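Text of query11.csv, listed as CSV, C-alpha atoms and all ligand atoms:
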```csv
chain,number,residue,atom,x,y,z
A,102,MET,CA,30.8,-15.7,6.6
A,103,GLU,CA,33.7,-14.9,8.9
A,104,ASN,CA,33.1,-12.7,12.0
A,105,ARG,CA,34.1,-9.1,11.6
A,106,SER,CA,36.2,-7.4,14.3
A,107,GLN,CA,34.5,-5.0,16.7
A,108,PHE,CA,36.2,-2.1,14.9
A,109,GLU,CA,34.5,-2.8,11.6
A,110,ALA,CA,31.6,-0.7,10.4
A,111,MET,CA,28.1,-1.6,11.3
A,112,ARG,CA,26.1,-3.9,9.0
A,113,ILE,CA,22.4,-3.5,8.7
A,114,GLY,CA,19.8,-5.5,6.7
A,115,LEU,CA,16.9,-4.2,4.5
A,116,LEU,CA,13.9,-6.1,3.1
A,117,ASN,CA,10.6,-5.3,1.5
A,118,GLY,CA,7.5,-7.3,2.3
A,119,GLY,CA,4.0,-7.5,0.9
A,120,GLY,CA,2.8,-6.2,-2.5
A,121,ASP,CA,5.2,-3.9,-4.3
A,122,CYS,CA,4.6,-0.2,-4.5
A,123,PRO,CA,6.1,2.7,-6.4
A,124,GLY,CA,8.8,4.2,-4.2
A,125,LEU,CA,10.3,1.0,-2.8
A,126,ASN,CA,13.5,1.6,-4.7
A,127,ALA,CA,13.6,5.2,-3.5
A,128,VAL,CA,13.5,3.9,0.1
A,129,THR,CA,16.4,1.6,-0.7
A,130,HIS,CA,18.3,4.5,-2.3
A,131,GLY,CA,17.7,6.6,0.9
A,132,VAL,CA,18.7,3.8,3.3
A,133,VAL,CA,21.9,3.0,1.3
A,134,GLY,CA,22.8,6.7,0.9
A,135,ALA,CA,22.4,7.5,4.6
A,136,ALA,CA,24.0,4.3,5.8
A,137,SER,CA,27.1,4.7,3.6
A,138,LYS,CA,27.5,8.2,4.8
A,139,LEU,CA,28.0,6.7,8.3
A,140,GLY,CA,30.3,4.1,6.8
A,141,TRP,CA,27.8,1.3,7.3
A,142,GLU,CA,27.2,-1.7,5.0
A,143,VAL,CA,23.7,-2.6,3.9
A,144,LEU,CA,22.6,-6.2,3.0
A,145,GLY,CA,19.4,-6.2,0.9
A,146,PHE,CA,17.5,-9.5,1.5
A,147,LYS,CA,15.6,-10.8,-1.5
A,148,GLU,CA,11.9,-11.6,-1.7
A,149,GLY,CA,11.0,-10.2,1.7
A,150,PHE,CA,11.5,-12.4,4.8
A,151,GLU,CA,12.1,-15.4,2.5
A,152,GLY,CA,15.6,-14.1,1.9
A,153,LEU,CA,16.3,-14.8,5.6
A,154,LEU,CA,15.8,-18.5,5.1
A,155,SER,CA,19.1,-20.5,5.5
A,156,PRO,CA,21.7,-19.8,4.1
A,157,GLY,CA,20.4,-16.3,3.4
A,158,HIS,CA,19.7,-14.7,0.1
A,159,PHE,CA,20.9,-11.2,-0.2
A,160,LYS,CA,23.0,-8.7,-2.1
A,161,VAL,CA,25.4,-6.2,-0.7
A,162,LEU,CA,23.9,-2.8,-1.5
A,163,LYS,CA,26.8,-0.6,-2.4
A,164,ARG,CA,26.1,3.1,-3.1
A,165,SER,CA,27.4,2.7,-6.6
A,166,LYS,CA,24.9,-0.1,-7.2
A,167,THR,CA,21.9,1.9,-6.1
A,168,GLU,CA,22.7,4.9,-8.2
A,169,GLY,CA,19.7,5.7,-10.5
A,170,ILE,CA,17.2,3.4,-8.8
A,171,LEU,CA,15.4,6.3,-7.1
A,172,LYS,CA,13.0,6.7,-10.1
A,173,LEU,CA,12.4,3.0,-10.8
A,174,GLY,CA,9.1,1.3,-10.1
A,175,GLY,CA,9.0,-2.2,-8.4
A,176,THR,CA,11.8,-3.2,-6.2
A,177,ILE,CA,15.4,-4.4,-7.0
A,178,LEU,CA,15.2,-6.7,-4.0
A,179,GLY,CA,12.0,-8.5,-4.9
A,180,THR,CA,9.1,-9.0,-2.5
A,181,THR,CA,6.2,-11.3,-1.7
A,182,ASN,CA,2.8,-11.1,-0.1
A,183,ARG,CA,2.7,-14.9,0.3
A,184,GLY,CA,5.2,-17.5,1.7
A,185,HIS,CA,6.6,-18.7,5.0
A,186,PHE,CA,6.5,-15.4,6.9
A,187,SER,CA,3.0,-14.3,5.9
A,188,SER,CA,1.2,-13.2,9.0
A,189,LYS,CA,-2.0,-12.4,7.2
A,190,VAL,CA,-4.5,-15.2,6.3
A,191,GLY,CA,-7.9,-14.8,4.6
A,192,GLU,CA,-9.7,-11.6,5.4
A,193,GLY,CA,-8.3,-10.0,8.6
A,194,GLY,CA,-6.8,-13.3,10.0
A,195,ILE,CA,-3.4,-13.0,11.8
A,196,ARG,CA,-1.1,-16.0,12.4
A,197,ARG,CA,2.1,-16.2,14.5
A,198,ILE,CA,5.2,-17.3,12.5
A,199,PRO,CA,6.3,-20.7,13.9
A,200,ASP,CA,9.3,-20.5,16.3
A,201,GLU,CA,11.6,-22.8,14.2
A,202,LEU,CA,11.3,-20.4,11.2
A,203,MET,CA,12.0,-17.4,13.4
A,204,GLN,CA,15.1,-19.1,14.8
A,205,GLU,CA,16.3,-19.9,11.3
A,206,ALA,CA,15.8,-16.4,10.1
A,207,MET,CA,17.5,-14.8,13.1
A,208,ALA,CA,20.4,-17.3,12.8
A,209,THR,CA,20.9,-16.0,9.2
A,210,LEU,CA,21.0,-12.5,10.3
A,211,ARG,CA,23.5,-13.2,13.1
A,212,GLU,CA,25.7,-15.4,11.0
A,213,ASN,CA,26.0,-12.5,8.5
A,214,ASP,CA,26.7,-10.0,11.3
A,215,VAL,CA,23.5,-8.0,10.7
A,216,GLU,CA,22.9,-5.9,13.7
A,217,ALA,CA,19.6,-4.4,12.9
A,218,LEU,CA,16.9,-4.9,10.2
A,219,ILE,CA,14.8,-2.4,8.3
A,220,CYS,CA,11.5,-3.9,7.2
A,221,VAL,CA,9.5,-2.0,4.6
A,222,GLY,CA,5.9,-3.1,4.3
A,223,GLY,CA,2.3,-2.9,5.2
A,224,ASP,CA,0.3,-4.3,8.1
A,225,GLY,CA,1.3,-7.9,7.5
A,226,THR,CA,5.0,-7.2,7.1
A,227,LEU,CA,5.1,-5.0,10.1
A,228,THR,CA,3.2,-7.6,12.2
A,229,THR,CA,6.0,-10.2,11.3
A,230,ALA,CA,8.6,-7.5,11.9
A,231,LEU,CA,7.2,-7.0,15.4
A,232,GLN,CA,7.6,-10.7,16.1
A,233,PHE,CA,11.4,-10.4,15.3
A,234,GLN,CA,11.6,-7.4,17.7
A,235,GLU,CA,9.8,-9.3,20.5
A,236,ASP,CA,12.0,-12.3,19.9
A,237,GLY,CA,15.1,-10.2,20.5
A,238,PHE,CA,16.2,-9.0,17.0
A,239,PRO,CA,16.4,-5.1,16.6
A,240,ILE,CA,13.9,-3.9,14.0
A,241,VAL,CA,12.9,-0.6,12.4
A,242,GLY,CA,9.7,-0.4,10.3
A,243,VAL,CA,8.9,1.7,7.2
A,244,PRO,CA,5.2,1.9,6.2
A,245,LYS,CA,4.3,1.0,2.6
A,246,THR,CA,1.0,0.5,0.9
A,247,ILE,CA,-0.6,2.1,-2.2
A,248,ASP,CA,-3.9,1.8,-0.3
A,249,ASN,CA,-2.8,4.3,2.3
A,250,ASP,CA,-4.6,2.3,4.9
A,251,LEU,CA,-1.9,2.1,7.6
A,252,GLY,CA,-2.7,3.8,10.9
A,253,ALA,CA,-0.1,6.0,12.7
A,254,THR,CA,1.1,7.7,9.4
A,255,ALA,CA,-0.9,10.3,7.6
A,256,MET,CA,0.4,9.1,4.2
A,257,THR,CA,2.4,6.2,2.7
A,258,PHE,CA,4.5,6.5,-0.4
A,259,GLY,CA,3.0,4.8,-3.4
A,260,PHE,CA,-0.5,6.2,-2.8
A,261,ASP,CA,0.2,9.4,-4.8
A,262,SER,CA,1.5,7.4,-7.7
A,263,ALA,CA,-1.5,5.0,-7.7
A,264,THR,CA,-3.9,7.9,-7.5
A,265,GLN,CA,-2.2,9.5,-10.5
A,266,VAL,CA,-2.8,6.3,-12.5
A,267,VAL,CA,-6.5,6.4,-11.6
A,268,VAL,CA,-6.8,10.1,-12.6
A,269,ASP,CA,-5.1,9.4,-16.0
A,270,ALA,CA,-7.4,6.4,-16.6
A,271,LEU,CA,-10.5,8.5,-15.8
A,272,ASP,CA,-9.3,11.3,-18.2
A,273,ARG,CA,-9.1,8.6,-20.9
A,274,LEU,CA,-12.4,7.0,-20.0
A,275,GLN,CA,-14.2,10.3,-20.0
A,276,THR,CA,-13.5,11.0,-23.7
A,277,THR,CA,-14.8,7.6,-24.9
A,278,ALA,CA,-17.7,7.8,-22.5
A,279,GLU,CA,-18.7,11.1,-23.9
A,280,SER,CA,-18.5,10.0,-27.5
A,281,HIS,CA,-20.8,7.0,-26.8
A,282,GLN,CA,-23.0,8.5,-24.0
A,283,ARG,CA,-22.0,5.8,-21.7
A,284,VAL,CA,-21.6,5.1,-18.0
A,285,MET,CA,-18.0,4.0,-17.4
A,286,VAL,CA,-17.3,2.1,-14.2
A,287,LEU,CA,-13.6,2.0,-13.0
A,288,GLU,CA,-12.7,-0.6,-10.4
A,289,VAL,CA,-9.6,0.4,-8.4
A,290,MET,CA,-7.6,-1.0,-5.5
A,291,GLY,CA,-8.5,-0.5,-1.9
A,292,ARG,CA,-9.3,-3.4,0.3
A,293,HIS,CA,-10.4,-1.8,3.5
A,294,ALA,CA,-9.9,1.9,2.7
A,295,GLY,CA,-11.2,3.9,-0.2
A,296,TRP,CA,-8.5,6.5,-0.4
A,297,ILE,CA,-7.4,5.6,-3.9
A,298,ALA,CA,-11.0,5.7,-5.2
A,299,LEU,CA,-11.7,8.9,-3.3
A,300,TYR,CA,-8.7,10.9,-4.3
A,301,GLY,CA,-8.6,9.4,-7.8
A,302,GLY,CA,-12.3,10.0,-8.3
A,303,VAL,CA,-12.3,13.6,-7.1
A,304,GLY,CA,-9.1,14.3,-9.1
A,305,GLY,CA,-10.5,12.6,-12.2
A,306,GLY,CA,-14.0,14.1,-12.2
A,307,ALA,CA,-16.1,11.0,-11.3
A,308,SER,CA,-19.8,11.6,-10.6
A,309,SER,CA,-20.0,8.6,-8.2
A,310,ILE,CA,-17.4,7.1,-5.8
A,311,LEU,CA,-18.0,3.9,-4.0
A,312,ILE,CA,-15.7,3.0,-1.1
A,313,PRO,CA,-15.6,0.3,1.6
A,314,GLU,CA,-16.3,2.7,4.4
A,315,ILE,CA,-19.7,3.8,2.9
A,316,PRO,CA,-22.0,0.9,2.0
A,317,PHE,CA,-24.0,1.9,-1.1
A,318,HIS,CA,-27.4,1.4,-2.7
A,319,TYR,CA,-27.7,0.9,-6.4
A,320,GLU,CA,-30.9,2.9,-6.6
A,321,HIS,CA,-29.2,6.0,-5.2
A,322,ILE,CA,-26.4,5.8,-7.8
A,323,ALA,CA,-29.0,5.2,-10.6
A,324,ASP,CA,-31.0,8.3,-9.4
A,325,CYS,CA,-27.8,10.3,-9.5
A,326,LEU,CA,-27.1,9.2,-13.1
A,327,ALA,CA,-30.7,9.9,-14.1
A,328,LYS,CA,-30.4,13.5,-12.6
A,329,ARG,CA,-27.2,14.1,-14.5
A,330,GLU,CA,-28.9,13.0,-17.7
A,331,GLU,CA,-31.8,15.4,-17.1
A,332,ARG,CA,-29.2,18.2,-16.6
A,333,GLY,CA,-27.8,17.4,-20.0
A,334,PHE,CA,-24.7,15.4,-19.1
A,335,ARG,CA,-24.0,12.8,-21.9
A,336,SER,CA,-21.8,10.5,-19.8
A,337,SER,CA,-20.8,9.6,-16.3
A,338,LEU,CA,-17.8,8.1,-14.5
A,339,VAL,CA,-18.2,5.8,-11.5
A,340,VAL,CA,-15.2,4.8,-9.5
A,341,VAL,CA,-15.5,1.7,-7.2
A,342,ALA,CA,-12.9,0.4,-4.8
A,343,GLU,CA,-12.4,-3.3,-4.9
A,344,GLY,CA,-13.5,-3.6,-1.2
A,345,ALA,CA,-16.7,-1.6,-1.6
A,346,SER,CA,-20.0,-3.4,-1.2
A,347,PRO,CA,-23.8,-2.6,-1.3
A,348,ALA,CA,-25.4,-2.1,2.1
A,349,GLY,CA,-26.0,-5.5,3.7
A,350,LEU,CA,-23.9,-7.5,1.3
A,351,ASP,CA,-20.4,-8.9,1.5
A,352,LYS,CA,-17.3,-7.8,-0.5
A,353,ILE,CA,-16.7,-9.7,-3.7
A,354,TYR,CA,-13.7,-12.1,-3.9
A,355,GLU,CA,-11.9,-13.5,-6.8
A,356,GLU,CA,-10.2,-16.1,-4.7
A,357,THR,CA,-10.4,-17.0,-1.0
A,358,ASP,CA,-8.3,-20.1,-0.4
A,359,GLY,CA,-4.7,-18.9,-1.2
A,360,ASP,CA,-1.9,-19.0,1.4
A,361,GLY,CA,-2.1,-15.3,2.1
A,362,GLU,CA,-4.7,-12.6,2.0
A,363,SER,CA,-7.9,-13.4,0.0
A,364,ARG,CA,-8.0,-11.7,-3.4
A,365,LEU,CA,-10.8,-9.2,-4.0
A,366,GLY,CA,-12.2,-8.4,-7.4
A,367,GLY,CA,-15.3,-8.3,-9.5
A,368,VAL,CA,-17.4,-5.5,-7.8
A,369,GLY,CA,-16.8,-3.2,-10.8
A,370,ASP,CA,-18.5,-5.7,-13.2
A,371,ARG,CA,-21.4,-6.1,-10.8
A,372,VAL,CA,-21.9,-2.4,-10.4
A,373,ALA,CA,-21.8,-1.9,-14.2
A,374,GLU,CA,-24.4,-4.7,-14.7
A,375,GLU,CA,-26.8,-3.4,-12.0
A,376,LEU,CA,-26.6,0.2,-13.2
A,377,SER,CA,-27.2,-0.8,-16.7
A,378,LYS,CA,-30.4,-2.6,-15.6
A,379,LEU,CA,-31.6,0.3,-13.5
A,380,THR,CA,-30.9,3.1,-15.9
A,381,GLY,CA,-31.1,1.4,-19.3
A,382,LYS,CA,-27.8,3.2,-20.1
A,383,GLU,CA,-25.0,1.5,-21.9
A,384,THR,CA,-22.4,0.7,-19.3
A,385,ARG,CA,-18.8,-0.6,-19.4
A,386,CYS,CA,-16.4,-1.6,-16.7
A,387,THR,CA,-12.6,-1.3,-16.6
A,388,THR,CA,-10.5,-2.9,-13.9
A,389,LEU,CA,-7.3,-1.0,-13.4
A,390,GLY,CA,-5.6,-3.8,-11.3
A,391,HIS,CA,-1.9,-3.9,-11.0
A,392,LEU,CA,-1.4,-0.9,-13.3
A,393,GLN,CA,-1.8,1.0,-10.1
A,394,ARG,CA,1.2,-0.6,-8.5
A,395,GLY,CA,3.5,-0.5,-11.5
A,396,GLY,CA,5.7,2.2,-13.0
A,397,SER,CA,7.7,5.1,-11.7
A,398,PRO,CA,6.8,6.9,-8.5
A,399,THR,CA,5.6,10.5,-8.7
A,400,SER,CA,8.0,13.2,-7.4
A,401,PHE,CA,6.0,13.3,-4.1
A,402,ASP,CA,6.5,9.6,-3.5
A,403,ARG,CA,10.2,9.7,-4.4
A,404,ILE,CA,10.7,12.4,-1.9
A,405,LEU,CA,8.6,10.8,0.9
A,406,ALA,CA,10.3,7.4,0.3
A,407,THR,CA,13.7,9.0,0.5
A,408,ARG,CA,12.9,10.7,3.7
A,409,PHE,CA,11.5,7.5,5.1
A,410,GLY,CA,14.7,5.6,4.2
A,411,VAL,CA,16.9,8.2,5.8
A,412,LYS,CA,14.7,8.3,8.9
A,413,ALA,CA,15.0,4.5,9.3
A,414,VAL,CA,18.8,4.7,9.4
A,415,ASN,CA,18.6,7.6,11.9
A,416,LEU,CA,16.4,5.4,14.2
A,417,ILE,CA,19.0,2.6,14.1
A,418,GLU,CA,21.8,5.1,14.8
A,419,GLU,CA,19.8,6.4,17.8
A,420,LYS,CA,19.1,2.7,18.8
A,421,ARG,CA,15.4,3.4,18.8
A,422,PHE,CA,14.3,-0.1,17.8
A,423,GLY,CA,10.7,-1.4,17.5
A,424,ARG,CA,9.7,1.8,15.9
A,425,MET,CA,8.0,2.6,12.6
A,426,VAL,CA,8.8,5.7,10.5
A,427,SER,CA,5.7,7.9,10.3
A,428,TYR,CA,4.6,11.0,8.4
A,429,GLN,CA,2.5,13.5,10.4
A,430,GLN,CA,1.8,17.1,9.6
A,431,TYR,CA,4.5,17.4,6.9
A,432,HIS,CA,7.1,16.0,9.3
A,433,VAL,CA,8.8,12.5,9.3
A,434,GLY,CA,8.9,11.1,12.8
A,435,SER,CA,8.3,7.7,14.3
A,436,VAL,CA,5.9,5.7,16.4
A,437,GLU,CA,6.1,2.3,18.1
A,438,ILE,CA,5.4,-0.5,15.6
A,439,GLU,CA,3.0,-2.1,18.1
A,440,LYS,CA,0.8,1.0,18.1
A,441,ALA,CA,0.9,1.2,14.3
A,442,VAL,CA,-0.1,-2.3,13.2
A,443,ARG,CA,-3.6,-3.5,12.9
A,444,LYS,CA,-4.8,0.1,13.2
A,445,LEU,CA,-6.3,1.0,9.9
A,446,ASN,CA,-6.4,4.5,8.4
A,447,LEU,CA,-9.9,4.6,7.0
A,448,VAL,CA,-11.8,7.3,5.2
A,449,ASP,CA,-14.1,9.1,7.6
A,450,PRO,CA,-17.6,9.1,5.9
A,451,LYS,CA,-18.4,12.4,7.6
A,452,GLY,CA,-14.9,13.9,7.1
A,453,GLU,CA,-13.9,17.0,5.2
A,454,ILE,CA,-12.9,15.3,2.0
A,455,VAL,CA,-16.1,13.3,1.6
A,456,ARG,CA,-18.1,16.4,2.5
A,457,ALA,CA,-16.2,18.5,-0.1
A,458,ALA,CA,-16.8,15.7,-2.7
A,459,LYS,CA,-20.5,15.7,-1.9
A,460,SER,CA,-20.6,19.5,-2.2
A,461,VAL,CA,-19.5,19.3,-5.8
A,462,GLY,CA,-22.2,16.8,-6.5
A,463,ILE,CA,-20.3,13.5,-6.2
A,464,CYS,CA,-22.6,10.7,-5.2
A,465,PHE,CA,-21.4,8.0,-2.7
A,466,GLY,CA,-24.6,5.9,-3.1
A,467,ASP,CA,-25.5,6.2,0.6
A,468,GLU,CA,-28.3,8.7,0.4
A,469,PRO,CA,-31.0,9.9,-2.1
A,470,VAL,CA,-29.9,12.7,-4.3
A,501,LIG,O1,-2.5,-4.1,-0.4
A,501,LIG,C1,-2.2,-3.5,-1.6
A,501,LIG,C2,-3.0,-4.2,-2.7
A,501,LIG,O2,-2.7,-3.5,-3.8
A,501,LIG,C3,-4.5,-4.3,-2.4
A,501,LIG,O3,-5.2,-3.1,-2.7
A,501,LIG,C4,-4.9,-5.4,-3.3
A,501,LIG,O4,-6.1,-6.0,-2.8
A,501,LIG,C5,-3.8,-6.3,-3.2
A,501,LIG,O5,-2.6,-5.5,-2.9
A,501,LIG,C6,-3.5,-7.2,-4.4
A,501,LIG,O6,-2.5,-8.1,-4.2
A,501,LIG,P1,-1.9,-9.1,-5.2
A,501,LIG,O7,-0.6,-8.5,-5.8
A,501,LIG,O8,-1.6,-10.3,-4.4
A,501,LIG,O9,-2.9,-9.4,-6.3
```
Could you spell out this file's structure in structure tokens?
Amino acid sequence: MENRSQFEAMRIGLLNGGGDCPGLNAVTHGVVGAASKLGWEVLGFKEGFEGLLSPGHFKVLKRSKTEGILKLGGTILGTTNRGHFSSKVGEGGIRRIPDELMQEAMATLRENDVEALICVGGDGTLTTALQFQEDGFPIVGVPKTIDNDLGATAMTFGFDSATQVVVDALDRLQTTAESHQRVMVLEVMGRHAGWIALYGGVGGGASSILIPEIPFHYEHIADCLAKREERGFRSSLVVVAEGASPAGLDKIYEETDGDGESRLGGVGDRVAEELSKLTGKETRCTTLGHLQRGGSPTSFDRILATRFGVKAVNLIEEKRFGRMVSYQQYHVGSVEIEKAVRKLNLVDPKGEIVRAAKSVGICFGDEPV
């Protein structure tokens, strides 16, 4: 592409990395809206950092082309949580992106006159983004994950939408559980953090919630189910995060030798089986899986994502690079990416939300009832 003169408008890049998440298109809508107001051009790189591989795979995001995408699930740019630029390996492993790949990607950006890049993603994407910043390319980060497990931001968009899916699923499971006097186990996402299980479980009326931060004992959950039966309850809902595990045992994986993060899965079935043995109750398991990542974002997520997109453009305008947009106390600000990555936002087992849940009789499997 020919070089632009110094009088031409600024051109910025935008990419999404990691798993998709409701609200990604609302961020794109926010970025393009704010950038076009400044007279800037936005190049949307396809499939995350992969779009930076030579000769560059992108679309010019004109305002007219992003009209109406605010409410769409998924991402019009595509994304990946695998591939050449994946800085996460296995469970918790971090790798540096090889220099030749970094050089190739930065050459694509420079050849296309991109002056700064907005990277929307979770821990892995932001770790890779930080490497671009350290290697001399100006970056701004936007936090994204349905798991809500990123440190330095009180909330990420996508989490509210995922939680709503869990609540809807529990509402449906409750009626069939009640008809058959069953225990229904619902496995939800949440690798390291149990936010989706906790919020979804409290909002959906679960009687037990099992999360990675609180190792559980099957006997305690079984006791809790027995007590409910004594009190006349005909059915029970148990929510279990994919990363939860019984005290002293490891998380359960579906697959561990892929090229990115290991895939969790299967704890719901195990919990259903054990509880059935211990209680003699008929038990079924439903795994919600990617239903939690699909579909339209809630209004909360649309608004948060829009604010994040606008803030990212503001940071570039102010030349405050190497920073990540952050939501704290109802305000959208920013923090250094370096301080945000690899710092997880975990549920505090003694925190107010867990205590409130316990006060209304929800069992976490960590203590006798
Ligand atoms: O990080 C978000 C997340 O939804 C995790 O909760 C889950 O373990 C993972 O993504 C699933 O990723 P994939 O789309 O590769 O199956």
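Atom CA of Glu148 of chain A to atom CA of Gly179 of chain A spans 4.5 Å [interatomic distance, one decimal].
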From the list A:Arg421, A:Lys147, A:His158, A:Arg364, which residue is nearest ligand LIG 501 (chain A) when using only C-alpha atoms and all ligand atoms? A:Arg364
Need the shell around segment 455-470 of chain A: protein/DNA/RNA residues with any atom at most 7 Å away, counting only C-alpha atoms. Skip same-chain ones fewer than 2 positions apart. Format as a PDB file with C-alpha atoms, in the frame of the given file?
```
ATOM      1  CA  VAL A 303     -12.300  13.600  -7.100  1.00  0.00           C
ATOM      2  CA  SER A 308     -19.800  11.600 -10.600  1.00  0.00           C
ATOM      3  CA  SER A 309     -20.000   8.600  -8.200  1.00  0.00           C
ATOM      4  CA  ILE A 310     -17.400   7.100  -5.800  1.00  0.00           C
ATOM      5  CA  LEU A 311     -18.000   3.900  -4.000  1.00  0.00           C
ATOM      6  CA  ILE A 315     -19.700   3.800   2.900  1.00  0.00           C
ATOM      7  CA  PRO A 316     -22.000   0.900   2.000  1.00  0.00           C
ATOM      8  CA  PHE A 317     -24.000   1.900  -1.100  1.00  0.00           C
ATOM      9  CA  HIS A 318     -27.400   1.400  -2.700  1.00  0.00           C
ATOM     10  CA  TYR A 319     -27.700   0.900  -6.400  1.00  0.00           C
ATOM     11  CA  HIS A 321     -29.200   6.000  -5.200  1.00  0.00           C
ATOM     12  CA  ILE A 322     -26.400   5.800  -7.800  1.00  0.00           C
ATOM     13  CA  ASP A 324     -31.000   8.300  -9.400  1.00  0.00           C
ATOM     14  CA  CYS A 325     -27.800  10.300  -9.500  1.00  0.00           C
ATOM     15  CA  PRO A 450     -17.600   9.100   5.900  1.00  0.00           C
ATOM     16  CA  LYS A 451     -18.400  12.400   7.600  1.00  0.00           C
ATOM     17  CA  GLY A 452     -14.900  13.900   7.100  1.00  0.00           C
ATOM     18  CA  GLU A 453     -13.900  17.000   5.200  1.00  0.00           C
TER      19      GLU A 453
END
```
I'd like the contact shell of Cys122 of chain A - 12 Å cut-off, only C-alpha atoms, skipping same-chain residues fewer than 3 positions apart - returned as a VMD selection string. chain A and resid 117 to 119 125 to 128 173 to 177 179 to 182 221 to 223 244 to 249 257 to 263 391 to 399 402 to 403 406
Would you save the residues of that selection, restricted to C-alpha atoms, as a PDB file, in the frame of the given file?
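The result, stored in part04.pdb:
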```
ATOM      1  CA  ASN A 117      10.600  -5.300   1.500  1.00  0.00           C
ATOM      2  CA  GLY A 118       7.500  -7.300   2.300  1.00  0.00           C
ATOM      3  CA  GLY A 119       4.000  -7.500   0.900  1.00  0.00           C
ATOM      4  CA  LEU A 125      10.300   1.000  -2.800  1.00  0.00           C
ATOM      5  CA  ASN A 126      13.500   1.600  -4.700  1.00  0.00           C
ATOM      6  CA  ALA A 127      13.600   5.200  -3.500  1.00  0.00           C
ATOM      7  CA  VAL A 128      13.500   3.900   0.100  1.00  0.00           C
ATOM      8  CA  LEU A 173      12.400   3.000 -10.800  1.00  0.00           C
ATOM      9  CA  GLY A 174       9.100   1.300 -10.100  1.00  0.00           C
ATOM     10  CA  GLY A 175       9.000  -2.200  -8.400  1.00  0.00           C
ATOM     11  CA  THR A 176      11.800  -3.200  -6.200  1.00  0.00           C
ATOM     12  CA  ILE A 177      15.400  -4.400  -7.000  1.00  0.00           C
ATOM     13  CA  GLY A 179      12.000  -8.500  -4.900  1.00  0.00           C
ATOM     14  CA  THR A 180       9.100  -9.000  -2.500  1.00  0.00           C
ATOM     15  CA  THR A 181       6.200 -11.300  -1.700  1.00  0.00           C
ATOM     16  CA  ASN A 182       2.800 -11.100  -0.100  1.00  0.00           C
ATOM     17  CA  VAL A 221       9.500  -2.000   4.600  1.00  0.00           C
ATOM     18  CA  GLY A 222       5.900  -3.100   4.300  1.00  0.00           C
ATOM     19  CA  GLY A 223       2.300  -2.900   5.200  1.00  0.00           C
ATOM     20  CA  PRO A 244       5.200   1.900   6.200  1.00  0.00           C
ATOM     21  CA  LYS A 245       4.300   1.000   2.600  1.00  0.00           C
ATOM     22  CA  THR A 246       1.000   0.500   0.900  1.00  0.00           C
ATOM     23  CA  ILE A 247      -0.600   2.100  -2.200  1.00  0.00           C
ATOM     24  CA  ASP A 248      -3.900   1.800  -0.300  1.00  0.00           C
ATOM     25  CA  ASN A 249      -2.800   4.300   2.300  1.00  0.00           C
ATOM     26  CA  THR A 257       2.400   6.200   2.700  1.00  0.00           C
ATOM     27  CA  PHE A 258       4.500   6.500  -0.400  1.00  0.00           C
ATOM     28  CA  GLY A 259       3.000   4.800  -3.400  1.00  0.00           C
ATOM     29  CA  PHE A 260      -0.500   6.200  -2.800  1.00  0.00           C
ATOM     30  CA  ASP A 261       0.200   9.400  -4.800  1.00  0.00           C
ATOM     31  CA  SER A 262       1.500   7.400  -7.700  1.00  0.00           C
ATOM     32  CA  ALA A 263      -1.500   5.000  -7.700  1.00  0.00           C
ATOM     33  CA  HIS A 391      -1.900  -3.900 -11.000  1.00  0.00           C
ATOM     34  CA  LEU A 392      -1.400  -0.900 -13.300  1.00  0.00           C
ATOM     35  CA  GLN A 393      -1.800   1.000 -10.100  1.00  0.00           C
ATOM     36  CA  ARG A 394       1.200  -0.600  -8.500  1.00  0.00           C
ATOM     37  CA  GLY A 395       3.500  -0.500 -11.500  1.00  0.00           C
ATOM     38  CA  GLY A 396       5.700   2.200 -13.000  1.00  0.00           C
ATOM     39  CA  SER A 397       7.700   5.100 -11.700  1.00  0.00           C
ATOM     40  CA  PRO A 398       6.800   6.900  -8.500  1.00  0.00           C
ATOM     41  CA  THR A 399       5.600  10.500  -8.700  1.00  0.00           C
ATOM     42  CA  ASP A 402       6.500   9.600  -3.500  1.00  0.00           C
ATOM     43  CA  ARG A 403      10.200   9.700  -4.400  1.00  0.00           C
ATOM     44  CA  ALA A 406      10.300   7.400   0.300  1.00  0.00           C
TER      45      ALA A 406
END
```
Contacts of segment 367-372 of chain A at 6 Å or less, counting all atoms listed in the file, minus same-chain residues fewer than 2 places along, as a list in words? Glu288, Ile353, Glu374, Glu375 and Cys386 of chain A
Residue contacts of segment 337-340 of chain A (10 Å, all atoms listed in the file) excluding same-chain residues fewer than 2 positions away, as an NGL selection string: :A and (267 or 271-272 or 274-275 or 278-279 or 282-289 or 297-299 or 301-303 or 305-312 or 322 or 325-326 or 329-330 or 334-335 or 342-343 or 369 or 372-373 or 384 or 386-387 or 463-465)
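Taking atom CA of Ala413 of chain A as the reference point, atom CA of Ala110 of chain A is found at 17.4 Å.
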